[in-house]
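First comes the structure, then the notes that go with it.
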Amino acid sequence: MTVEVIIFGILALIAIAAAALMLLTRNAVHSAIFLVVVMSSLAVLFLGLSAPFIAMVQIAVYAGAIMVLFLFVIMLLGAERIGARDMVSWHIPMAIVLAVAVLLLGGYVLLTNPAVAVVDLPTEQIVQGSAEAIGQSLFSGYLFPFEATSILLLVAMVGAVVLTRKEKKSS
């Protein structure tokens with residue numbers, strides 16, 4: 001068994017454990033934090049696949065911006081109080097252990113994977129996998145799925161606000 005297979009197995013277990021905890025946790029804020037752990041472990045997996053741009057997009061866009069949006073909606077709607085029960089003592093330590101494991105494995109992949117190293121190439125040689133190539137592909141061949149996803153997220157957020165406002169008016 002190689003080191004890459006071991007790291008993949010550990011990251012897969014972390015992602016599965018965090019995803020399960022995300023579903024089992026009754027507090028919406030804790031679920032969002034477990035989702036950040038899942039996104040971070042996926043970013044480290046992308047680093048192992050020699051895709052540093054996608055890994056950084058995973059962290060910046062999904063674990064960063066999208067999670068801030070989710071937390072904003074959760075706090076705006078007051079959903080952190082809905083369904084929350086007494087604080088379970090193992091949630092916070094489990095989240096810390098999973099996050100530290102993802103950070104350690106990510107650091108190991110960054111330090112030992114030569115494909116992630118910064119290489120000074122002329123612009124003409126950087127084609128596949130570059131930000132320009134990904135943007136060109138995203139906004140030409142995948143424009144419809146990209147826009148459909150953005151509309152779906154917008155409709156889901158507006159629907160959550162409408163459903164919660166109706167509940168507050170009736171109570």
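Labels for the structure tokens follow display order: chains A, B, ..., residues from 1 in each chain, ligands from 1.
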
Task: Contact residues around A:Val61 with only C-alpha atoms at 12 Å, ignoring same-chain residues under 6 positions, as a ChimeraX atom specification - done: /A:36,39-40,43,53-55,67-69

Output N, CA and C atoms of each residue in that selection to a file, as a PDB file, in the first residue's frame.
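Here's the written file result.pdb:
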```pdb
ATOM      1  N   VAL A  36     -18.065  22.335   6.029  1.00  0.00           N
ATOM      2  CA  VAL A  36     -16.769  22.946   5.736  1.00  0.00           C
ATOM      3  C   VAL A  36     -15.655  21.898   5.830  1.00  0.00           C
ATOM      4  N   MET A  39     -15.816  19.852   2.665  1.00  0.00           N
ATOM      5  CA  MET A  39     -15.255  20.606   1.537  1.00  0.00           C
ATOM      6  C   MET A  39     -13.737  20.690   1.611  1.00  0.00           C
ATOM      7  N   SER A  40     -13.209  20.858   2.814  1.00  0.00           N
ATOM      8  CA  SER A  40     -11.759  20.935   2.980  1.00  0.00           C
ATOM      9  C   SER A  40     -11.091  19.608   2.654  1.00  0.00           C
ATOM     10  N   ALA A  43     -10.901  19.279  -0.987  1.00  0.00           N
ATOM     11  CA  ALA A  43      -9.840  20.117  -1.542  1.00  0.00           C
ATOM     12  C   ALA A  43      -8.483  19.427  -1.438  1.00  0.00           C
ATOM     13  N   PHE A  53      -5.500  24.353  -8.623  1.00  0.00           N
ATOM     14  CA  PHE A  53      -6.460  25.419  -8.880  1.00  0.00           C
ATOM     15  C   PHE A  53      -7.850  25.022  -8.391  1.00  0.00           C
ATOM     16  N   ILE A  54      -8.268  23.805  -8.721  1.00  0.00           N
ATOM     17  CA  ILE A  54      -9.581  23.331  -8.286  1.00  0.00           C
ATOM     18  C   ILE A  54      -9.626  23.217  -6.764  1.00  0.00           C
ATOM     19  N   ALA A  55      -8.508  22.822  -6.151  1.00  0.00           N
ATOM     20  CA  ALA A  55      -8.467  22.720  -4.690  1.00  0.00           C
ATOM     21  C   ALA A  55      -8.659  24.091  -4.046  1.00  0.00           C
ATOM     22  N   MET A  67     -20.361  28.875   2.184  1.00  0.00           N
ATOM     23  CA  MET A  67     -20.674  28.600   3.588  1.00  0.00           C
ATOM     24  C   MET A  67     -21.015  29.872   4.347  1.00  0.00           C
ATOM     25  N   VAL A  68     -20.391  30.984   3.995  1.00  0.00           N
ATOM     26  CA  VAL A  68     -20.771  32.258   4.607  1.00  0.00           C
ATOM     27  C   VAL A  68     -22.218  32.585   4.242  1.00  0.00           C
ATOM     28  N   LEU A  69     -22.580  32.328   2.991  1.00  0.00           N
ATOM     29  CA  LEU A  69     -23.965  32.551   2.562  1.00  0.00           C
ATOM     30  C   LEU A  69     -24.924  31.641   3.321  1.00  0.00           C
TER      31      LEU A  69
END
```

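Atom CA of A:Leu11 to atom CA of A:Met94 spans 14.8 Å [interatomic distance, one decimal].
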
Open item on the list: If I take atom CA of A:Gly106 and atom CA of A:Val44, how far is one from the other in Å, to one decimal?
Closed with: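 Atom CA of A:Val44 lies at a distance of 5.1 Å from atom CA of A:Gly106.
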
Task: Pick from A:Ala18, A:Leu35, A:Leu23, A:Leu45, whichever lies nearest to A:Gly107 using only C-alpha atoms - done: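 For A:Gly107, the nearest of the given residues is A:Leu45.
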